[in-house]
Every structure is written in structure tokens, then in C-alpha cells.
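Heads up, model25.csv below (CSV, N, CA and C atoms):
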chain,number,residue,atom,x,y,z
A,1,MET,N,-16.3,-23.2,4.7
A,1,MET,CA,-15.1,-22.5,4.2
A,1,MET,C,-13.9,-23.4,4.5
A,2,THR,N,-13.1,-23.6,3.6
A,2,THR,CA,-11.9,-24.4,3.8
A,2,THR,C,-10.8,-23.6,4.5
A,3,ILE,N,-9.8,-24.3,5.1
A,3,ILE,CA,-8.7,-23.6,5.7
A,3,ILE,C,-8.0,-22.6,4.7
A,4,GLU,N,-7.8,-23.1,3.5
A,4,GLU,CA,-7.2,-22.3,2.5
A,4,GLU,C,-8.0,-21.1,2.2
A,5,GLU,N,-9.3,-21.2,2.1
A,5,GLU,CA,-10.2,-20.1,1.8
A,5,GLU,C,-10.1,-19.0,2.9
A,6,ILE,N,-10.1,-19.5,4.2
A,6,ILE,CA,-10.0,-18.6,5.3
A,6,ILE,C,-8.7,-17.8,5.3
A,7,PHE,N,-7.6,-18.5,5.1
A,7,PHE,CA,-6.3,-17.8,5.0
A,7,PHE,C,-6.2,-16.9,3.8
A,8,ALA,N,-6.8,-17.3,2.7
A,8,ALA,CA,-6.8,-16.4,1.5
A,8,ALA,C,-7.6,-15.2,1.8
A,9,ARG,N,-8.7,-15.3,2.5
A,9,ARG,CA,-9.5,-14.1,2.8
A,9,ARG,C,-8.8,-13.2,3.7
A,10,LEU,N,-8.1,-13.8,4.7
A,10,LEU,CA,-7.3,-12.9,5.6
A,10,LEU,C,-6.2,-12.2,4.9
A,11,ALA,N,-5.5,-13.0,4.1
A,11,ALA,CA,-4.4,-12.4,3.3
A,11,ALA,C,-4.8,-11.3,2.4
A,12,THR,N,-5.9,-11.5,1.7
A,12,THR,CA,-6.5,-10.5,0.8
A,12,THR,C,-6.9,-9.2,1.6
A,13,HIS,N,-7.5,-9.4,2.8
A,13,HIS,CA,-7.8,-8.3,3.6
A,13,HIS,C,-6.6,-7.5,4.1
A,14,MET,N,-5.6,-8.2,4.4
A,14,MET,CA,-4.3,-7.6,4.8
A,14,MET,C,-3.7,-6.8,3.6
A,15,ILE,N,-3.8,-7.3,2.4
A,15,ILE,CA,-3.3,-6.6,1.3
A,15,ILE,C,-4.1,-5.3,1.1
A,16,GLU,N,-5.4,-5.4,1.2
A,16,GLU,CA,-6.3,-4.2,1.2
A,16,GLU,C,-5.9,-3.2,2.2
A,17,GLY,N,-5.5,-3.7,3.4
A,17,GLY,CA,-5.1,-2.8,4.5
A,17,GLY,C,-3.8,-2.0,4.1
A,18,THR,N,-2.9,-2.7,3.5
A,18,THR,CA,-1.7,-2.0,3.1
A,18,THR,C,-2.0,-1.0,2.1
A,19,LYS,N,-2.9,-1.3,1.1
A,19,LYS,CA,-3.2,-0.3,0.1
A,19,LYS,C,-4.0,0.9,0.7
A,20,ILE,N,-4.8,0.6,1.6
A,20,ILE,CA,-5.6,1.7,2.3
A,20,ILE,C,-4.6,2.6,3.1
A,21,HIS,N,-3.8,2.0,3.9
A,21,HIS,CA,-2.9,2.8,4.7
A,21,HIS,C,-1.9,3.6,3.8
A,22,CYS,N,-1.4,3.0,2.7
A,22,CYS,CA,-0.5,3.7,1.8
A,22,CYS,C,-1.2,4.9,1.2
A,23,THR,N,-2.4,4.7,0.8
A,23,THR,CA,-3.2,5.8,0.1
A,23,THR,C,-3.5,6.9,1.1
A,24,ILE,N,-3.8,6.6,2.3
A,24,ILE,CA,-4.1,7.6,3.3
A,24,ILE,C,-2.8,8.3,3.6
A,25,PHE,N,-1.7,7.6,3.7
A,25,PHE,CA,-0.4,8.2,3.9
A,25,PHE,C,-0.1,9.2,2.8
A,26,LYS,N,-0.3,8.8,1.6
A,26,LYS,CA,-0.1,9.7,0.4
A,26,LYS,C,-0.9,11.0,0.5
A,27,ALA,N,-2.2,10.8,0.9
A,27,ALA,CA,-3.1,11.9,1.0
A,27,ALA,C,-2.7,12.9,2.1
A,28,TYR,N,-2.4,12.4,3.3
A,28,TYR,CA,-1.9,13.3,4.3
A,28,TYR,C,-0.6,14.0,4.0
A,29,ASP,N,0.3,13.2,3.4
A,29,ASP,CA,1.6,13.8,3.0
A,29,ASP,C,1.4,14.9,2.0
A,30,PHE,N,0.5,14.7,1.1
A,30,PHE,CA,0.2,15.7,0.0
A,30,PHE,C,-0.3,17.0,0.6
A,31,ILE,N,-1.3,16.9,1.6
A,31,ILE,CA,-1.8,18.1,2.2
A,31,ILE,C,-1.0,18.7,3.3
A,32,GLY,N,0.2,18.1,3.6
A,32,GLY,CA,1.1,18.7,4.5
A,32,GLY,C,0.9,18.3,5.9
A,33,LEU,N,0.2,17.2,6.2
A,33,LEU,CA,0.0,16.8,7.6
A,33,LEU,C,0.9,15.6,7.8
A,34,CYS,N,2.2,15.9,8.0
A,34,CYS,CA,3.2,14.9,8.1
A,34,CYS,C,3.1,13.9,9.3
A,35,GLY,N,2.6,14.4,10.4
A,35,GLY,CA,2.4,13.5,11.6
A,35,GLY,C,1.3,12.4,11.3
A,36,TYR,N,0.2,12.8,10.7
A,36,TYR,CA,-0.8,11.8,10.3
A,36,TYR,C,-0.2,10.9,9.2
A,37,ALA,N,0.6,11.5,8.3
A,37,ALA,CA,1.2,10.6,7.3
A,37,ALA,C,2.1,9.6,7.9
A,38,LYS,N,2.9,10.0,8.8
A,38,LYS,CA,3.8,9.0,9.5
A,38,LYS,C,3.0,7.9,10.2
A,39,CYS,N,1.9,8.3,10.8
A,39,CYS,CA,1.1,7.4,11.5
A,39,CYS,C,0.6,6.3,10.6
A,40,HIS,N,0.2,6.7,9.4
A,40,HIS,CA,-0.3,5.7,8.4
A,40,HIS,C,0.8,4.9,7.8
A,41,LEU,N,2.0,5.5,7.7
A,41,LEU,CA,3.2,4.8,7.2
A,41,LEU,C,3.5,3.7,8.1
A,42,TYR,N,3.4,4.0,9.4
A,42,TYR,CA,3.6,3.0,10.4
A,42,TYR,C,2.6,1.8,10.3
A,43,HIS,N,1.3,2.2,10.2
A,43,HIS,CA,0.3,1.1,10.0
A,43,HIS,C,0.5,0.3,8.7
A,44,TYR,N,1.0,1.0,7.7
A,44,TYR,CA,1.3,0.3,6.4
A,44,TYR,C,2.4,-0.7,6.7
A,45,MET,N,3.4,-0.3,7.3
A,45,MET,CA,4.5,-1.3,7.6
A,45,MET,C,4.1,-2.4,8.5
A,46,GLU,N,3.2,-2.2,9.5
A,46,GLU,CA,2.7,-3.2,10.3
A,46,GLU,C,1.8,-4.2,9.6
A,47,GLU,N,1.0,-3.7,8.6
A,47,GLU,CA,0.2,-4.5,7.8
A,47,GLU,C,1.0,-5.4,6.9
A,48,ILE,N,2.1,-4.9,6.4
A,48,ILE,CA,3.0,-5.7,5.5
A,48,ILE,C,3.6,-6.8,6.4
A,49,LYS,N,4.1,-6.4,7.6
A,49,LYS,CA,4.7,-7.4,8.5
A,49,LYS,C,3.7,-8.5,8.8
A,50,GLY,N,2.5,-8.1,9.2
A,50,GLY,CA,1.5,-9.1,9.5
A,50,GLY,C,1.2,-10.0,8.3
A,51,TYR,N,1.1,-9.4,7.1
A,51,TYR,CA,0.8,-10.2,5.9
A,51,TYR,C,2.0,-11.2,5.7
A,52,GLU,N,3.2,-10.8,5.8
A,52,GLU,CA,4.3,-11.7,5.6
A,52,GLU,C,4.3,-12.8,6.7
A,53,CYS,N,4.0,-12.5,7.9
A,53,CYS,CA,3.9,-13.5,8.9
A,53,CYS,C,2.8,-14.5,8.6
A,54,LEU,N,1.7,-14.1,8.1
A,54,LEU,CA,0.6,-15.0,7.8
A,54,LEU,C,1.0,-15.9,6.7
A,55,LEU,N,1.6,-15.4,5.6
A,55,LEU,CA,2.1,-16.2,4.5
A,55,LEU,C,3.1,-17.2,5.0
A,56,HIS,N,4.0,-16.8,5.9
A,56,HIS,CA,5.0,-17.7,6.4
A,56,HIS,C,4.4,-18.8,7.3
A,57,TYR,N,3.4,-18.4,8.1
A,57,TYR,CA,2.7,-19.4,8.9
A,57,TYR,C,2.0,-20.4,8.1
A,58,TYR,N,1.3,-19.9,7.1
A,58,TYR,CA,0.6,-20.9,6.2
A,58,TYR,C,1.5,-21.8,5.5
A,59,SER,N,2.6,-21.3,4.9
A,59,SER,CA,3.5,-22.2,4.2
A,59,SER,C,4.2,-23.1,5.0
A,60,THR,N,4.5,-22.8,6.3
A,60,THR,CA,5.3,-23.7,7.2
A,60,THR,C,4.3,-24.7,7.9
A,61,HIS,N,3.1,-24.4,8.0
A,61,HIS,CA,2.2,-25.3,8.7
A,61,HIS,C,1.3,-26.1,7.7
A,62,TYR,N,1.0,-25.6,6.6
A,62,TYR,CA,0.2,-26.3,5.6
A,62,TYR,C,1.0,-26.7,4.3
A,63,HIS,N,2.3,-26.2,4.3
A,63,HIS,CA,3.2,-26.6,3.2
A,63,HIS,C,2.7,-26.4,1.8
A,64,LYS,N,2.0,-25.2,1.7
A,64,LYS,CA,1.4,-24.8,0.4
A,64,LYS,C,1.6,-23.3,0.2
A,65,LEU,N,1.6,-22.8,-1.0
A,65,LEU,CA,1.6,-21.4,-1.3
A,65,LEU,C,0.1,-20.9,-1.2
A,66,LEU,N,0.0,-19.7,-0.6
A,66,LEU,CA,-1.4,-19.2,-0.5
A,66,LEU,C,-1.7,-18.3,-1.7
A,67,ASN,N,-2.7,-18.6,-2.4
A,67,ASN,CA,-3.2,-17.8,-3.5
A,67,ASN,C,-4.1,-16.7,-3.1
A,68,THR,N,-3.8,-15.5,-3.3
A,68,THR,CA,-4.6,-14.4,-2.9
A,68,THR,C,-5.3,-13.7,-4.1
A,69,ASN,N,-6.4,-13.1,-3.9
A,69,ASN,CA,-7.1,-12.5,-5.0
A,69,ASN,C,-6.5,-11.1,-5.3
A,70,ASP,N,-6.6,-10.6,-6.5
A,70,ASP,CA,-6.2,-9.3,-6.9
A,70,ASP,C,-7.0,-8.3,-6.1
A,71,VAL,N,-6.4,-7.3,-5.6
A,71,VAL,CA,-7.1,-6.3,-4.8
A,71,VAL,C,-7.0,-5.0,-5.5
A,72,PRO,N,-8.1,-4.3,-5.8
A,72,PRO,CA,-8.0,-3.0,-6.5
A,72,PRO,C,-7.6,-2.0,-5.5
A,73,ASN,N,-7.0,-0.9,-6.1
A,73,ASN,CA,-6.6,0.3,-5.3
A,73,ASN,C,-7.9,0.9,-4.7
A,74,PRO,N,-7.8,1.3,-3.4
A,74,PRO,CA,-8.9,2.0,-2.8
A,74,PRO,C,-9.3,3.3,-3.4
A,75,ASP,N,-10.5,3.6,-3.4
A,75,ASP,CA,-11.0,4.9,-4.0
A,75,ASP,C,-11.0,5.9,-2.9
A,76,ILE,N,-9.9,6.4,-2.5
A,76,ILE,CA,-9.8,7.4,-1.4
A,76,ILE,C,-9.4,8.8,-1.9
A,77,ILE,N,-8.4,8.8,-2.7
A,77,ILE,CA,-7.9,10.1,-3.2
A,77,ILE,C,-8.7,10.5,-4.5
A,78,PRO,N,-9.4,11.6,-4.4
A,78,PRO,CA,-10.2,12.0,-5.6
A,78,PRO,C,-9.2,12.2,-6.8
A,79,GLY,N,-9.7,11.8,-8.0
A,79,GLY,CA,-8.9,12.0,-9.2
A,79,GLY,C,-8.5,13.4,-9.5
A,80,THR,N,-9.3,14.4,-9.1
A,80,THR,CA,-9.0,15.8,-9.4
A,80,THR,C,-7.8,16.3,-8.6
A,81,TRP,N,-7.4,15.6,-7.6
A,81,TRP,CA,-6.2,16.0,-6.8
A,81,TRP,C,-4.9,16.0,-7.6
A,82,TYR,N,-4.9,15.2,-8.6
A,82,TYR,CA,-3.6,14.9,-9.3
A,82,TYR,C,-3.2,16.1,-10.2
A,83,LYS,N,-4.1,17.1,-10.3
A,83,LYS,CA,-3.8,18.2,-11.2
A,83,LYS,C,-3.4,19.5,-10.3
A,84,TYR,N,-3.4,19.3,-9.0
A,84,TYR,CA,-3.0,20.4,-8.1
A,84,TYR,C,-1.7,20.1,-7.4
A,85,ASN,N,-1.1,21.2,-6.8
A,85,ASN,CA,0.0,21.0,-6.0
A,85,ASN,C,-0.4,21.3,-4.5
A,86,THR,N,0.5,21.0,-3.6
A,86,THR,CA,0.2,21.2,-2.2
A,86,THR,C,-0.2,22.6,-1.8
A,87,MET,N,0.5,23.6,-2.4
A,87,MET,CA,0.2,25.0,-2.1
A,87,MET,C,-1.2,25.4,-2.5
A,88,GLU,N,-1.8,24.7,-3.3
A,88,GLU,CA,-3.2,25.1,-3.8
A,88,GLU,C,-4.3,24.5,-2.9
A,89,VAL,N,-3.9,23.8,-1.9
A,89,VAL,CA,-4.9,23.2,-1.0
A,89,VAL,C,-5.3,24.2,0.1
A,90,ASP,N,-6.5,24.5,0.2
A,90,ASP,CA,-7.0,25.5,1.2
A,90,ASP,C,-7.3,24.8,2.5
A,91,THR,N,-7.5,25.6,3.6
A,91,THR,CA,-7.7,25.1,4.9
A,91,THR,C,-9.0,24.3,5.0
A,92,ASN,N,-10.0,24.7,4.3
A,92,ASN,CA,-11.3,24.0,4.4
A,92,ASN,C,-11.2,22.6,3.7
A,93,THR,N,-10.4,22.5,2.7
A,93,THR,CA,-10.2,21.2,2.0
A,93,THR,C,-9.4,20.3,3.0
A,94,LYS,N,-8.4,20.8,3.6
A,94,LYS,CA,-7.7,20.0,4.6
A,94,LYS,C,-8.6,19.5,5.7
A,95,ARG,N,-9.4,20.4,6.2
A,95,ARG,CA,-10.3,20.0,7.3
A,95,ARG,C,-11.2,18.9,6.9
A,96,ASN,N,-11.8,19.1,5.7
A,96,ASN,CA,-12.7,18.0,5.2
A,96,ASN,C,-12.0,16.7,4.9
A,97,THR,N,-10.8,16.8,4.4
A,97,THR,CA,-10.0,15.7,4.1
A,97,THR,C,-9.7,14.9,5.3
A,98,VAL,N,-9.3,15.6,6.4
A,98,VAL,CA,-9.0,14.9,7.6
A,98,VAL,C,-10.2,14.1,8.1
A,99,LYS,N,-11.3,14.8,8.1
A,99,LYS,CA,-12.6,14.2,8.6
A,99,LYS,C,-12.9,12.9,7.7
A,100,THR,N,-12.8,13.1,6.4
A,100,THR,CA,-13.2,11.9,5.5
A,100,THR,C,-12.2,10.8,5.7
A,101,LEU,N,-10.9,11.1,5.8
A,101,LEU,CA,-9.9,10.0,5.9
A,101,LEU,C,-10.0,9.3,7.3
A,102,MET,N,-10.3,10.1,8.3
A,102,MET,CA,-10.5,9.4,9.6
A,102,MET,C,-11.7,8.5,9.6
A,103,GLU,N,-12.8,9.0,9.0
A,103,GLU,CA,-14.0,8.1,8.9
A,103,GLU,C,-13.7,6.9,8.1
A,104,LYS,N,-13.0,7.0,7.0
A,104,LYS,CA,-12.7,5.8,6.2
A,104,LYS,C,-11.8,4.8,7.0
A,105,TRP,N,-10.8,5.4,7.7
A,105,TRP,CA,-10.0,4.5,8.5
A,105,TRP,C,-10.7,3.8,9.6
A,106,VAL,N,-11.6,4.5,10.3
A,106,VAL,CA,-12.4,3.9,11.4
A,106,VAL,C,-13.3,2.8,10.8
A,107,GLU,N,-13.9,3.1,9.6
A,107,GLU,CA,-14.8,2.1,8.9
A,107,GLU,C,-13.9,0.9,8.6
A,108,TRP,N,-12.7,1.1,8.0
A,108,TRP,CA,-11.9,0.0,7.7
A,108,TRP,C,-11.5,-0.9,8.9
A,109,GLU,N,-11.2,-0.3,10.0
A,109,GLU,CA,-10.8,-1.0,11.2
A,109,GLU,C,-12.0,-1.8,11.8
A,110,ARG,N,-13.2,-1.2,11.7
A,110,ARG,CA,-14.4,-1.9,12.1
A,110,ARG,C,-14.6,-3.2,11.3
A,111,GLU,N,-14.5,-3.0,10.0
A,111,GLU,CA,-14.6,-4.2,9.1
A,111,GLU,C,-13.6,-5.3,9.4
A,112,THR,N,-12.3,-4.8,9.7
A,112,THR,CA,-11.3,-5.7,10.1
A,112,THR,C,-11.6,-6.5,11.4
A,113,LYS,N,-12.1,-5.7,12.3
A,113,LYS,CA,-12.5,-6.4,13.6
A,113,LYS,C,-13.6,-7.4,13.4
A,114,LYS,N,-14.5,-7.1,12.6
A,114,LYS,CA,-15.6,-8.0,12.3
A,114,LYS,C,-15.1,-9.2,11.6
A,115,LEU,N,-14.2,-9.1,10.7
A,115,LEU,CA,-13.6,-10.2,9.9
A,115,LEU,C,-12.8,-11.1,10.9
A,116,TYR,N,-12.0,-10.5,11.7
A,116,TYR,CA,-11.2,-11.3,12.6
A,116,TYR,C,-12.0,-12.0,13.7

So that I can check it, write out the structure of this file as C-alpha cells.
Amino acid sequence: MTIEEIFARLATHMIEGTKIHCTIFKAYDFIGLCGYAKCHLYHYMEEIKGYECLLHYYSTHYHKLLNTNDVPNPDIIPGTWYKYNTMEVDTNTKRNTVKTLMEKWVEWERETKKLY
């Protein structure tokens, strides 16, 4: 793997992280769990900051622009949610959503640790 490929892979992973945290933030905000939403908003901002630092480091040390791959949106929020409002979400759905989102977050962080 070349230096450019390594940095591109890291940058792509960071973009994925921003999308995951943003999506989880939206899901928690939708079901009314504002504390969890703010937590992921914080992680989203930190991922963006890390991504920008990586791009800056690469451009100032290797004097090139880093080309990243297109990253699809994560499949976290079910498509059916878009036809409901917050008041229609029952307690059981909230409970299951928290469990699912926590599992996806932990899985994501494990993948990140393995990559780094």
C-alpha cells in the first residue's frame, strides 16, 4: 500500500465516521433522547476536526491533495421512520432503537480501532 492509499483509506474512514455519528444523532434527536443526540453531535464534530487535520497534514507534508472515495450514507435509520412523527414513537421502539444504535456504534469503533 502506498502512502497516498493509506491516507486515503484513513480519510474515507473518517468521512464514514462523520456520516455515522450524524445519522445516529438524527435518530436519537428524533426519538427525543437529546442527551444521546448531543453526545453523537460532539463525536460528529470531533470526526470532522480529525478529518480536516488529516487533510492538512497530508497536504503540508506530501504537498498533494488527497483523493477520497465516495462514501454512501449508512443504513442506520429505517426508511419507514420518515412517515412518522416523534409523538408516534412508543417506548418499546425507543428501547430497541437505543440498543441497536449502541451496538452499531460499538461495532463502528471496533472497526476503527482495528484500522488504526

- Within 7 Å of range 63-80 of chain A using all atoms listed in the file, minus same-chain residues under 5 positions, as a list in words: Phe7, Ala8, Arg9, Ala11, Thr12, Ile15, Glu16, Lys19, Ile20, Thr23, Ala27, Leu55, Tyr57 and Tyr58 of chain A

- Go through A:His61, A:Glu5, A:His13, A:His40 and flag the residue nearest Phe25 in chain A, using all atoms listed in the file for the distances.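 Closest residue, counting all atoms listed in the file: A:His40.
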
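Distances to Tyr51 in chain A were evaluated for A:Glu107, A:Tyr36, A:Tyr28, A:Met14 using only N, CA and C atoms, and the minimum falls at A:Met14.
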
- Could you pull out the helix (DSSP H, G or I) residues of chain A from DSSP and send them as a PyMOL selection string? chain A and resi 3-30+34-62+79-83+86-88+91-115

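Of note, atom N of Asn85 in chain A and CA of Lys26 in chain A are spaced 13.6 Å apart.
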
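Closest approach to Phe30 in chain A among A:Met102, A:Val89, A:Glu111, A:Tyr116 is made by A:Val89 (distances from only N, CA and C atoms).
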
- Message: Can you measure atom C of Lys113 in chain A to atom N of Lys49 in chain A for me? One decimal in Å is fine.
- Response: 18.7 Å
